[in-house]
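Just below is one structure, and these are the notes that go with it.
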Amino acid sequence: MTRITLGFVIAPLLPALLAFALKPFMAEMSGDSNAGMVLFLSVFSPLFAVPAILVFAVPLFVWFRRRKWLRLHHALLGGAIVGCATTLAFAVYGFLTAPNFYHWSDGKLFVHWRYLTEPLNYAIVFVPYGVLMAAIFWVVAYWKRTPDIALASDVPAD
């Protein structure tokens with residue numbers, strides 16, 4: 001169980017640390033500092049990742065473990081699901097907090113769907129990041145352990 005907890009702790013932080021460490025190499029390759037991307041990956045990504053792990057990934061992991069889905073491809077699928085769920089939650093939040101997402105004109109209701117569809121563009125970032133975090137989690141929690149041994153050591157006896 002400690003490897004699983006460690007996996008949930010390390011998974012959102014390692015990509016941020018990696019992006020911060022690779023900043024000089026990215027600057028040499030592109031000719032500029034790429035400050036915006038490095039700032040996003042190193043500072044803002046854990047701010048989205050930690051709540052996503054607590055809200056979506058932990059319950060999904062428990063469900064996957066009960067179904068004995070502990071292989072790498074199961075973890076990557078779970079990471080993609082968490083990335084999609086985070087994107088959807090972000091889009092619904094953006095839609096509901098938009099200042100004027102609807103208005104009445106001539107007795108008809110008009111909804112501005114762009115407030116819902118524009119945040120869906122963040123799936124380009126959230127889904128690969130979720131898959132990357134799932135891969136890191138799987139390496140920390142289950143690499144070099146067969147799923148049968150992992151299940152026997154992680155699931156408490158009844």
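For the structure tokens, the naming scheme is as follows: chains receive sequential letters (A, B, ...) according to their order of presentation, residues are indexed from 1 within each chain, and ligands are indexed from 1 in presentation order.
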Per-residue nearest contacts stretch 46-91 of chain A to stretch 9-25 of chain A, cut-off 8 Å, using only C-alpha atoms, as JSON lines:
{"residue": "A:Pro46", "atom": "CA", "partner": "A:Pro12", "partner_atom": "CA", "distance": 5.6}
{"residue": "A:Ala49", "atom": "CA", "partner": "A:Pro12", "partner_atom": "CA", "distance": 5.7}
{"residue": "A:Val50", "atom": "CA", "partner": "A:Pro12", "partner_atom": "CA", "distance": 6.5}
Next, write the just-selected residues to a file, as a PDB file, in the first residue's frame, keeping C-alpha atoms as the atom set.
ATOM      1  CA  PRO A  46       0.118  20.256 -10.086  1.00  0.00           C
ATOM      2  CA  ALA A  49      -3.435  17.430 -11.170  1.00  0.00           C
ATOM      3  CA  VAL A  50      -3.761  17.058  -7.407  1.00  0.00           C
TER       4      VAL A  50
END
Handout entry: Surrounding residues of A:Arg71 excluding itself and chain neighbours under 2 positions, 9 Å, only C-alpha atoms, as a list in words
Key =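 My reading of the contact set: Lys68, Trp69, His73, His74, Ala75, Leu76, Trp138, Tyr142, Thr146 and Pro147 of chain A.
Atom to atom, atom CA of A:Val62 and atom CA of A:Ser45 stand 23.5 Å apart.
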Exercise for the section: as a list in words, please: all residues of stretch 52-138 of chain A that backbone DSSP puts in strand (DSSP E or B). Expected result: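 DSSP on the backbone gives strand (DSSP E or B) at Tyr102, His103, Trp104, Ser105, Lys108, Leu109, Phe110 and Val111 of chain A.
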Practice task
For atom CA of A:Trp104 and atom CA of A:Ala91, determine how far apart the two atoms are, in Å to one decimal place.
Solution key: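 These two atoms are separated by 22.6 Å.
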Determine which residues of stretch 53-143 of chain A receive a DSSP assignment of helix (DSSP H, G or I), computed from the backbone, and state them as a compact mmCIF listing (two decimals) with N, CA and C atoms, in the first residue's frame.
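Heads up, here's the output in selection-v6.txt:
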# COMPACT_ATOMS: atom_id res chain seq x y z
N ILE A 53 -6.55 14.02 -9.21
CA ILE A 53 -6.21 12.72 -8.62
C ILE A 53 -7.15 12.40 -7.48
N LEU A 54 -7.40 13.37 -6.62
CA LEU A 54 -8.26 13.11 -5.47
C LEU A 54 -9.71 12.84 -5.88
N VAL A 55 -10.20 13.57 -6.86
CA VAL A 55 -11.61 13.45 -7.24
C VAL A 55 -11.85 12.30 -8.22
N PHE A 56 -10.97 12.15 -9.21
CA PHE A 56 -11.23 11.17 -10.27
C PHE A 56 -10.33 9.94 -10.20
N ALA A 57 -9.03 10.12 -9.97
CA ALA A 57 -8.09 9.00 -10.11
C ALA A 57 -8.18 8.00 -8.96
N VAL A 58 -8.32 8.46 -7.74
CA VAL A 58 -8.37 7.53 -6.62
C VAL A 58 -9.61 6.62 -6.71
N PRO A 59 -10.83 7.17 -6.92
CA PRO A 59 -11.97 6.26 -7.07
C PRO A 59 -11.85 5.33 -8.29
N LEU A 60 -11.28 5.86 -9.38
CA LEU A 60 -11.09 5.02 -10.57
C LEU A 60 -10.09 3.91 -10.28
N PHE A 61 -9.03 4.23 -9.54
CA PHE A 61 -8.04 3.20 -9.17
C PHE A 61 -8.68 2.13 -8.31
N VAL A 62 -9.49 2.51 -7.34
CA VAL A 62 -10.16 1.52 -6.48
C VAL A 62 -11.06 0.62 -7.32
N TRP A 63 -11.78 1.21 -8.25
CA TRP A 63 -12.65 0.42 -9.13
C TRP A 63 -11.83 -0.53 -10.01
N PHE A 64 -10.72 -0.01 -10.58
CA PHE A 64 -9.86 -0.86 -11.40
C PHE A 64 -9.25 -1.98 -10.57
N ARG A 65 -8.86 -1.70 -9.35
CA ARG A 65 -8.23 -2.73 -8.52
C ARG A 65 -9.22 -3.81 -8.14
N ARG A 66 -10.46 -3.44 -7.90
CA ARG A 66 -11.49 -4.45 -7.59
C ARG A 66 -11.75 -5.35 -8.80
N LEU A 72 -0.25 -2.21 -17.29
CA LEU A 72 0.11 -0.87 -17.76
C LEU A 72 -0.96 -0.28 -18.66
N HIS A 73 -1.50 -1.08 -19.57
CA HIS A 73 -2.51 -0.53 -20.48
C HIS A 73 -3.78 -0.14 -19.73
N HIS A 74 -4.09 -0.79 -18.62
CA HIS A 74 -5.22 -0.37 -17.81
C HIS A 74 -4.93 0.99 -17.15
N ALA A 75 -3.70 1.16 -16.68
CA ALA A 75 -3.34 2.44 -16.07
C ALA A 75 -3.37 3.57 -17.09
N LEU A 76 -2.89 3.31 -18.29
CA LEU A 76 -2.91 4.35 -19.32
C LEU A 76 -4.34 4.71 -19.72
N LEU A 77 -5.21 3.71 -19.80
CA LEU A 77 -6.61 3.97 -20.07
C LEU A 77 -7.22 4.81 -18.95
N GLY A 78 -6.90 4.46 -17.72
CA GLY A 78 -7.40 5.24 -16.58
C GLY A 78 -6.89 6.67 -16.60
N GLY A 79 -5.64 6.87 -17.00
CA GLY A 79 -5.11 8.23 -17.11
C GLY A 79 -5.82 9.04 -18.17
N ALA A 80 -6.16 8.40 -19.28
CA ALA A 80 -6.92 9.10 -20.33
C ALA A 80 -8.32 9.44 -19.84
N ILE A 81 -8.93 8.53 -19.08
CA ILE A 81 -10.27 8.80 -18.52
C ILE A 81 -10.21 9.96 -17.54
N VAL A 82 -9.18 9.98 -16.70
CA VAL A 82 -9.03 11.08 -15.74
C VAL A 82 -8.79 12.40 -16.48
N GLY A 83 -7.99 12.38 -17.54
CA GLY A 83 -7.78 13.59 -18.33
C GLY A 83 -9.06 14.09 -18.98
N CYS A 84 -9.87 13.17 -19.50
CA CYS A 84 -11.16 13.55 -20.10
C CYS A 84 -12.12 14.08 -19.04
N ALA A 85 -12.17 13.44 -17.89
CA ALA A 85 -13.06 13.89 -16.83
C ALA A 85 -12.65 15.27 -16.31
N THR A 86 -11.36 15.51 -16.21
CA THR A 86 -10.87 16.82 -15.79
C THR A 86 -11.22 17.88 -16.82
N THR A 87 -11.07 17.56 -18.09
CA THR A 87 -11.45 18.49 -19.15
C THR A 87 -12.93 18.81 -19.10
N LEU A 88 -13.75 17.79 -18.92
CA LEU A 88 -15.19 18.01 -18.85
C LEU A 88 -15.57 18.85 -17.63
N ALA A 89 -14.96 18.57 -16.49
CA ALA A 89 -15.24 19.37 -15.29
C ALA A 89 -14.80 20.82 -15.49
N PHE A 90 -13.67 21.01 -16.13
CA PHE A 90 -13.17 22.35 -16.41
C PHE A 90 -14.13 23.07 -17.36
N ALA A 91 -14.65 22.38 -18.36
CA ALA A 91 -15.56 22.99 -19.33
C ALA A 91 -16.89 23.36 -18.67
N VAL A 92 -17.42 22.47 -17.84
CA VAL A 92 -18.69 22.77 -17.17
C VAL A 92 -18.52 23.94 -16.20
N TYR A 93 -17.41 23.96 -15.48
CA TYR A 93 -17.14 25.09 -14.58
C TYR A 93 -17.03 26.40 -15.36
N GLY A 94 -16.33 26.38 -16.48
CA GLY A 94 -16.20 27.58 -17.31
C GLY A 94 -17.54 28.01 -17.87
N PHE A 95 -18.37 27.06 -18.23
CA PHE A 95 -19.70 27.38 -18.78
C PHE A 95 -20.60 27.99 -17.71
N LEU A 96 -20.58 27.42 -16.52
CA LEU A 96 -21.47 27.90 -15.47
C LEU A 96 -21.02 29.23 -14.86
N ARG A 114 -19.98 28.66 -26.99
CA ARG A 114 -18.52 28.77 -27.01
C ARG A 114 -17.94 28.71 -25.60
N TYR A 115 -18.73 29.11 -24.60
CA TYR A 115 -18.24 29.02 -23.23
C TYR A 115 -18.11 27.57 -22.77
N LEU A 116 -18.80 26.66 -23.44
CA LEU A 116 -18.66 25.24 -23.13
C LEU A 116 -17.64 24.56 -24.03
N THR A 117 -17.58 24.97 -25.30
CA THR A 117 -16.70 24.29 -26.25
C THR A 117 -15.26 24.78 -26.19
N PRO A 119 -13.33 25.60 -23.51
CA PRO A 119 -12.52 24.85 -22.54
C PRO A 119 -12.26 23.41 -22.94
N LEU A 120 -13.04 22.84 -23.85
CA LEU A 120 -12.78 21.47 -24.30
C LEU A 120 -11.46 21.38 -25.05
N ASN A 121 -10.95 22.51 -25.53
CA ASN A 121 -9.64 22.51 -26.19
C ASN A 121 -8.53 22.12 -25.22
N TYR A 122 -8.77 22.25 -23.93
CA TYR A 122 -7.76 21.87 -22.96
C TYR A 122 -7.56 20.36 -22.88
N ALA A 123 -8.40 19.60 -23.55
CA ALA A 123 -8.20 18.15 -23.61
C ALA A 123 -6.85 17.82 -24.25
N ILE A 124 -6.37 18.71 -25.11
CA ILE A 124 -5.06 18.51 -25.74
C ILE A 124 -3.96 18.47 -24.68
N VAL A 125 -4.16 19.17 -23.57
CA VAL A 125 -3.17 19.19 -22.50
C VAL A 125 -3.51 18.17 -21.42
N PHE A 126 -4.78 18.12 -21.01
CA PHE A 126 -5.16 17.30 -19.86
C PHE A 126 -5.08 15.81 -20.12
N VAL A 127 -5.46 15.36 -21.30
CA VAL A 127 -5.46 13.91 -21.57
C VAL A 127 -4.03 13.35 -21.64
N PRO A 128 -3.10 13.95 -22.41
CA PRO A 128 -1.74 13.41 -22.37
C PRO A 128 -1.08 13.53 -21.00
N TYR A 129 -1.39 14.59 -20.28
CA TYR A 129 -0.83 14.75 -18.94
C TYR A 129 -1.39 13.67 -18.01
N GLY A 130 -2.67 13.34 -18.15
CA GLY A 130 -3.25 12.26 -17.36
C GLY A 130 -2.63 10.91 -17.68
N VAL A 131 -2.36 10.67 -18.96
CA VAL A 131 -1.71 9.42 -19.37
C VAL A 131 -0.29 9.37 -18.82
N LEU A 132 0.43 10.50 -18.87
CA LEU A 132 1.79 10.54 -18.33
C LEU A 132 1.79 10.29 -16.83
N MET A 133 0.86 10.90 -16.11
CA MET A 133 0.79 10.66 -14.67
C MET A 133 0.43 9.22 -14.36
N ALA A 134 -0.44 8.62 -15.17
CA ALA A 134 -0.80 7.22 -14.96
C ALA A 134 0.39 6.30 -15.20
N ALA A 135 1.19 6.62 -16.21
CA ALA A 135 2.39 5.81 -16.47
C ALA A 135 3.37 5.92 -15.30
N ILE A 136 3.56 7.13 -14.79
CA ILE A 136 4.45 7.32 -13.64
C ILE A 136 3.90 6.58 -12.43
N PHE A 137 2.60 6.68 -12.20
CA PHE A 137 1.98 5.97 -11.09
C PHE A 137 2.20 4.47 -11.21
N TRP A 138 1.99 3.93 -12.41
CA TRP A 138 2.14 2.49 -12.60
C TRP A 138 3.58 2.04 -12.36
N VAL A 139 4.54 2.84 -12.83
CA VAL A 139 5.95 2.49 -12.63
C VAL A 139 6.28 2.48 -11.13
N VAL A 140 5.80 3.48 -10.41
CA VAL A 140 6.09 3.54 -8.97
C VAL A 140 5.35 2.45 -8.21
N ALA A 141 4.10 2.22 -8.53
CA ALA A 141 3.28 1.31 -7.73
C ALA A 141 3.39 -0.15 -8.14
N TYR A 142 3.54 -0.43 -9.43
CA TYR A 142 3.41 -1.82 -9.87
C TYR A 142 4.53 -2.35 -10.75
Handout entry: Between atom CA of A:Phe48 and atom CA of A:Leu6, distance in Å (one decimal)
Key =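 Atom-to-atom, atom CA of A:Phe48 and atom CA of A:Leu6 are spaced 18.5 Å apart.
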